[in-house]
Amino acid sequence: MGTVITPSAVDQFRAIVGSDRVLSEPLERLVYAKDGSMNQGECGLAVLCETTAEVAACVRLAAERGLPIVPRGSGTSLAGSAIPLDGSVVISVARMGRVLSVDPDTPSAWVEPGVLNLDLTAAVAHLGLHYAPDPSSQAACSIGGNVGTNAGGPHCLASGVTAQHILGVEIVLPDGEVLEIGGPAPDPPGYDLRGFIVGGEGTLGIVTKVCVRLTRNPPVVRTLLIDFTALTAAGAAVRDIIAKGVIPAAMEMMDRTMTRAVEAFVHAGLPVDAAAVLLVELDGTAAQVAADTAVVERICRESGASHIRVAADEAERALFWKARKNAFGACARIAPNYYLHDCVVPRTRLVEVLAAIEEIAARNDLVIMNVFHAGDGNLHPLISFDRRDDAQVTRVLQAGREIIEVCMRVGGTLSGEHGIGMEKRDFMPLQFSPADLDAQARSREAFDPEGRMNPRKVLPAGSKCGDLSFPHDALPEGTWI
Amino acid sequence: MSEDELRPPPIRPANWLPGIAAPAAEDIVSCVSCGLCLPHCPTFRLTGRETASPRGRIAAMRAVQEGQATVDATFRTMMDECLACRACETACPSGVPFGRMIEAARAQVEQVRPIRARGPRALGLKYVLPRPWAVYAAGTGLGLAQALRLDRLAPAAARVVSPRISLRQLARPLPQAMGTGPTAALLCGCVMDVAFRDVQRDTMRAVAGSGYRAVRFRPGGCCGALAMHYGYPEAARRMARERIAECEDAEVIVVNSAGCSNHMKTWGHLLADEPRWAARAEAAAARVRDLLEMPLVTRVRDLGTIACHDACHHVNGQALGPDLRRIVSSTGATPVEIPGGGHCCGAAGLYSVLEPELSAQLRRDKAEAISATGASSVAVANPGCAIQIAAGLREIASPIRVVHPAQLIR
């Protein structure tokens, strides 16, 4: 089922971008067959583009040759979105890393897709601005990838996820045509396709320019680190804080195992004996922050918080966030691999879901760590394992399915921010009816009728009514389905 | 269907070349592929290539470890492109020991390097560097060539990164000992003793001025860091044994070059498998002090603003960044930060010679960043960096002077 990429096709890609930016050796392709998840695919060829024109030429060439394509930014995706399957051609935009223009008045900026999330914020910091969505991998992940997965992040609790911050995109469609959709104007005429493109996981085209909304830095920021003696107590505090009408800028939770793993790296003096640590950030005017702090502190104490530490200065605040944002990466301190889930559950059900996850871990004899966006109920149960242990891998996959089923049962969703990719694809029918999936498959087909963009991702085989999951032209003409 | 796809590919026997050091399986599995190292890797930043990133390099090591790939020319290129600056190691939340992994991988790739390229490396690393007279002879040769302007015949890329050798300095003998107090053994090293003799002299004064009897190693020579970085661990072990034997009486072992001090602190690990040496190596390593760690007595002078360049092996592995600034401040100078200061200058041992293209780009970026500080000089505590940065500043006609912290102390 692998794609065949002939030497002459490789030469044609070389003619477009130069031979040093076409990677065709087996080992090079192996390196491009992975992302930040536990999965591995099969890469047929990796091509590094520098301009929209190069991307368009490569996409046109792939169209002529009938080759499947997967766009890639930094490759930090967590559900296999950037992983090529069946020998697809990887089109990397990692070299497209320029901030093209900044409009401090709107405020917005046009950037290339390879710009790293944190680099964008650094580039506009002197204007008192930042780019609000801040995935934990923000130091490494690219804006293009953020658009692809509709990435979230701790501060998306108050400011909204990526979709709310993308004003426009330039996209290369699967036939090589270049389209500009939206822009800094508040309400673009015609259909607003931005919401469809954002979160498209590279199945609709390759985004080559992005117009992002920028956000003014808040006047006052206060960050609290609160420890609890029970995970469920922390969950209850989260529920009650929001119920009281306080929407913190961010509200994050880490359990004990995770806290210990990350403390070994950051040395921030985290409470390694607490069952759960809540990181709450409040921002706004001084008066508002003071009032919100009082509410948060009172609720946490009532819920059984054992200690509340307020970041003394910007350095300590940065340290708290360094701890939170390096959590996934620190997991190898527990075991070599992780299987990460990304379900969102109603905040009112947080406590029971956390208890259920604990039970699933115990029953399957696994270590499951929790570090998540508590404020919006976006869980990240992280199953730690060693892939060299086959029996354990079986239990890991089983536990993963059980976690998803629990989340679905309480009215949750499959993914908050990491995307569906290959890893969550076959769970889609748990969330969507056949009619839903059919509508999504048809919308995707409108962009990519040949099914060459990131094939076998997001939607499971058979999503379209009458889809027998093999190419239409494989059926003899006149066959009645 | 889905579960099969999510199941990791089968693990086959490792394809490491037998009898040669190889990255440890347990080190390889300590990487979860999160990618948080990527922005810290200078070669990834330059190329955008996963194959030129720490995560990609570890993926390649894992592929060999798990039998999916072999140690071939592609693997060799990937390992050669690494600066071994170890910025990824500092950034890694899981504490992946990338430095020792790349060193082991380099030992593997030496075996698949064509003999024409391997010959000069082996000659230099195994035979010239350990012998002070050979290094001295090579330095004299280079100095003569430069004096007679014969170096113009050499390729431009090599000429740019050659240290400037002063024949006058070479002819002037260095004192063997200085000061009174507990003994501080000074590493003579390789390139420091021929290209930076004035720094060697100032280091001696600085150490003596801090209440030690500063004594040069006899007969001295290379610490073995370069051999270790470039795939000759046997030679590195030999040099470690020689140096350890030379300085066992000393209270402390003082080193004024970041790459050397960092390497010498790993002597215990390096000789752990040699029963006769393990304990001695451990003890010697514990007495190694980078010059920046010494209780130096400084004198306030009017030195203006000094840009602080962190040698990679000072900040990644030794965490000595604050010490450089402390010393600069203590001389009355104003330390200034270099934009993007965390990135390697591209000197990286022999990198400027072996990978001239990537190195030249890093050199230009670093020189421009230093120039942007408007400082009157830049403090650099590693010979490789000093040569590279001086070359970079010359290339952009910057008047900024390169100084070693030892030269600030007098």
# chains A, B, ... in the order shown; residues from 1 in each chain; ligands from 1
call {"tool": "residues_around", "arguments": {"residues": "Asn316 of chain B", "least_positions_apart": "2", "cutoff": "6 Å", "atoms": "only C-alpha atoms", "output": "VMD selection string"}}
result
chain B and resid 86 to 87 90 312 to 314 318
call {"tool": "interface_residues", "arguments": {"of": "chain B", "to": "chain A", "cutoff": "7 Å", "atoms": "only C-alpha atoms", "output": "CSV table (one decimal) with C-alpha atoms, in the first residue's frame"}}
result
chain,number,residue,atom,x,y,z
B,2,SER,CA,-6.2,1.2,14.3
B,6,LEU,CA,-0.6,2.6,16.9
B,8,PRO,CA,5.3,0.6,17.7
B,29,VAL,CA,15.1,5.7,25.5
B,30,SER,CA,15.3,8.7,27.7
B,31,CYS,CA,14.1,10.8,24.8
B,32,VAL,CA,10.4,11.0,24.3
B,33,SER,CA,10.7,13.0,21.1
B,34,CYS,CA,8.8,16.0,22.4
B,35,GLY,CA,10.8,18.4,20.3
B,36,LEU,CA,11.5,21.0,23.0
B,38,LEU,CA,14.6,22.0,18.5
B,39,PRO,CA,14.7,25.8,19.0
B,47,THR,CA,18.6,24.5,8.2
B,48,GLY,CA,15.0,23.7,9.5
B,50,GLU,CA,14.8,17.5,11.4
B,51,THR,CA,17.9,15.5,10.4
B,56,GLY,CA,16.4,13.7,14.6
B,59,ALA,CA,15.8,9.2,16.2
B,60,ALA,CA,18.7,8.0,14.0
B,69,ALA,CA,18.9,1.4,10.2
B,74,THR,CA,23.7,9.2,6.0
B,93,PRO,CA,13.1,18.3,30.4
B,94,SER,CA,13.9,14.6,30.6
call {"tool": "select_by_dssp", "arguments": {"residues": "segment 217-282 of chain A", "states": "alpha helix (DSSP H)", "output": "PyMOL selection string"}}
result
chain A and resi 231-243+256-266
call {"tool": "write_last_selection", "arguments": {"atoms": "C-alpha atoms", "output": "short mmCIF file (atom, residue, chain, number, x, y, z; two decimals), in the first residue's frame"}}
result
data_model
loop_
_atom_site.label_atom_id
_atom_site.label_comp_id
_atom_site.auth_asym_id
_atom_site.auth_seq_id
_atom_site.Cartn_x
_atom_site.Cartn_y
_atom_site.Cartn_z
CA LEU A 231 -6.63 15.44 43.31
CA THR A 232 -10.39 15.56 43.65
CA ALA A 233 -10.20 18.55 46.01
CA ALA A 234 -8.26 20.45 43.37
CA GLY A 235 -10.87 19.48 40.79
CA ALA A 236 -13.62 20.78 43.03
CA ALA A 237 -11.78 24.08 43.51
CA VAL A 238 -11.52 24.52 39.75
CA ARG A 239 -15.24 23.94 39.33
CA ASP A 240 -16.12 26.39 42.11
CA ILE A 241 -13.78 29.17 40.93
CA ILE A 242 -15.44 29.28 37.52
CA ALA A 243 -18.88 28.91 39.10
CA ARG A 256 2.06 14.26 42.10
CA THR A 257 3.90 11.97 39.67
CA MET A 258 4.02 14.69 37.06
CA THR A 259 5.09 17.34 39.57
CA ARG A 260 7.96 15.16 40.71
CA ALA A 261 9.13 14.44 37.17
CA VAL A 262 9.17 18.09 36.22
CA GLU A 263 10.67 19.33 39.50
CA ALA A 264 13.68 17.14 38.77
CA PHE A 265 14.26 19.39 35.74
CA VAL A 266 13.21 22.90 36.80
#
call {"tool": "closest_residue", "arguments": {"among": "B:Pro114, B:Pro356, B:Pro383, B:Ile253", "to": "Val191 of chain B", "atoms": "only C-alpha atoms"}}
result
B:Pro383
call {"tool": "select_by_dssp", "arguments": {"residues": "segment 145-271 of chain B", "states": "strand (DSSP E or B)", "output": "count of residues only"}}
result
14
call {"tool": "residues_around", "arguments": {"residues": "segment 371-379 of chain A", "least_positions_apart": "5", "cutoff": "7 Å", "atoms": "only C-alpha atoms", "output": "ChimeraX atom specification"}}
result
/A:154,157,238,250-255,258,342-347,350,416
call {"tool": "write_last_selection", "arguments": {"atoms": "C-alpha atoms", "output": "mmCIF file, in the first residue's frame"}}
result
data_model
loop_
_atom_site.group_PDB
_atom_site.id
_atom_site.type_symbol
_atom_site.label_atom_id
_atom_site.label_comp_id
_atom_site.auth_asym_id
_atom_site.auth_seq_id
_atom_site.Cartn_x
_atom_site.Cartn_y
_atom_site.Cartn_z
ATOM 1 C CA PRO A 154 -3.031 27.335 29.206
ATOM 2 C CA LEU A 157 -9.070 29.580 28.996
ATOM 3 C CA VAL A 238 -11.518 24.522 39.749
ATOM 4 C CA ALA A 250 -5.059 30.271 33.008
ATOM 5 C CA MET A 251 -5.827 27.476 35.453
ATOM 6 C CA GLU A 252 -3.650 24.371 35.225
ATOM 7 C CA MET A 253 -3.355 21.233 37.265
ATOM 8 C CA MET A 254 -0.588 18.676 37.774
ATOM 9 C CA ASP A 255 -0.693 15.516 39.827
ATOM 10 C CA MET A 258 4.020 14.692 37.057
ATOM 11 C CA ASP A 342 -6.654 15.129 25.107
ATOM 12 C CA CYS A 343 -10.309 14.753 26.043
ATOM 13 C CA VAL A 344 -12.388 17.659 27.247
ATOM 14 C CA VAL A 345 -14.988 17.032 29.927
ATOM 15 C CA PRO A 346 -17.513 19.348 31.559
ATOM 16 C CA ARG A 347 -15.889 21.013 34.569
ATOM 17 C CA LEU A 350 -13.896 16.710 36.505
ATOM 18 C CA GLY A 416 -9.376 19.699 23.013
#
call {"tool": "closest_residue", "arguments": {"among": "A:Phe385, A:Thr223, A:Ile368, A:His380", "to": "Ile308 of chain A", "atoms": "only C-alpha atoms"}}
result
A:Thr223
call {"tool": "residues_around", "arguments": {"residues": "segment 145-151 of chain B", "least_positions_apart": "4", "cutoff": "12 Å", "atoms": "only C-alpha atoms", "output": "PDB file with C-alpha atoms, in the first residue's frame"}}
result
ATOM      1  CA  ALA B 138      52.736  22.763  14.056  1.00  0.00           C
ATOM      2  CA  GLY B 139      52.106  26.163  15.637  1.00  0.00           C
ATOM      3  CA  THR B 140      55.586  27.353  14.657  1.00  0.00           C
ATOM      4  CA  GLY B 141      54.982  26.176  11.107  1.00  0.00           C
ATOM      5  CA  PRO B 155      41.882  27.677   1.018  1.00  0.00           C
ATOM      6  CA  ALA B 156      40.075  30.783   2.255  1.00  0.00           C
ATOM      7  CA  ALA B 157      37.745  28.789   4.522  1.00  0.00           C
ATOM      8  CA  ALA B 158      40.696  27.272   6.375  1.00  0.00           C
ATOM      9  CA  ARG B 159      42.674  30.525   6.489  1.00  0.00           C
ATOM     10  CA  VAL B 160      39.811  32.455   8.096  1.00  0.00           C
ATOM     11  CA  VAL B 161      39.597  30.145  11.090  1.00  0.00           C
ATOM     12  CA  SER B 162      43.339  29.636  11.624  1.00  0.00           C
ATOM     13  CA  PRO B 163      44.530  31.183  14.864  1.00  0.00           C
ATOM     14  CA  ARG B 164      46.983  34.084  14.464  1.00  0.00           C
ATOM     15  CA  ILE B 165      50.319  32.813  15.768  1.00  0.00           C
ATOM     16  CA  SER B 166      52.827  35.268  17.174  1.00  0.00           C
ATOM     17  CA  LEU B 167      56.348  33.949  16.650  1.00  0.00           C
ATOM     18  CA  ARG B 168      57.581  36.476  19.193  1.00  0.00           C
TER      19      ARG B 168
END
call {"tool": "closest_residue", "arguments": {"among": "B:Ile409, B:Ala122, B:Val328, B:Ala281", "to": "Gly304 of chain B", "atoms": "only C-alpha atoms"}}
result
B:Val328
call {"tool": "closest_residue", "arguments": {"among": "B:Phe196, B:Trp267, B:Phe98, B:Trp277", "to": "Arg55 of chain B", "atoms": "only C-alpha atoms"}}
result
B:Phe98
call {"tool": "residues_around", "arguments": {"residues": "Thr106 of chain A", "least_positions_apart": "5", "cutoff": "12 Å", "atoms": "only C-alpha atoms", "output": "list of chain:residue names"}}
result
A:Leu129, A:Leu167, A:Gly183, A:Pro184, A:Ala185, A:Pro186, A:Cys211, A:Val212, A:Arg213, A:Leu214, A:Thr215, A:Arg216
call {"tool": "residues_around", "arguments": {"residues": "segment 61-65 of chain B", "least_positions_apart": "2", "cutoff": "9 Å", "atoms": "only C-alpha atoms", "output": "list of chain:residue names"}}
result
A:Leu27, A:Leu30, A:Val31, B:Ile11, B:Arg12, B:Pro13, B:Ala14, B:Asn15, B:Trp16, B:Pro23, B:Ala24, B:Ala25, B:Ile28, B:Val29, B:Gly56, B:Arg57, B:Ile58, B:Ala59, B:Gly67, B:Gln68, B:Ala69, B:Thr70, B:Val71, B:Phe75, B:Met101, B:Ala105
call {"tool": "atom_distance", "arguments": {"atom1": "atom CA of Ala123 of chain A", "atom2": "atom CA of Ala372 of chain B"}}
result
16.9 Å
call {"tool": "atom_distance", "arguments": {"atom1": "atom CA of Leu83 of chain B", "atom2": "atom CA of Ser359 of chain B"}}
result
8.9 Å
call {"tool": "residues_around", "arguments": {"residues": "Thr180 of chain B", "least_positions_apart": "2", "cutoff": "8 Å", "atoms": "only C-alpha atoms", "output": "ChimeraX atom specification"}}
result
/B:178,182-183,208,211-214
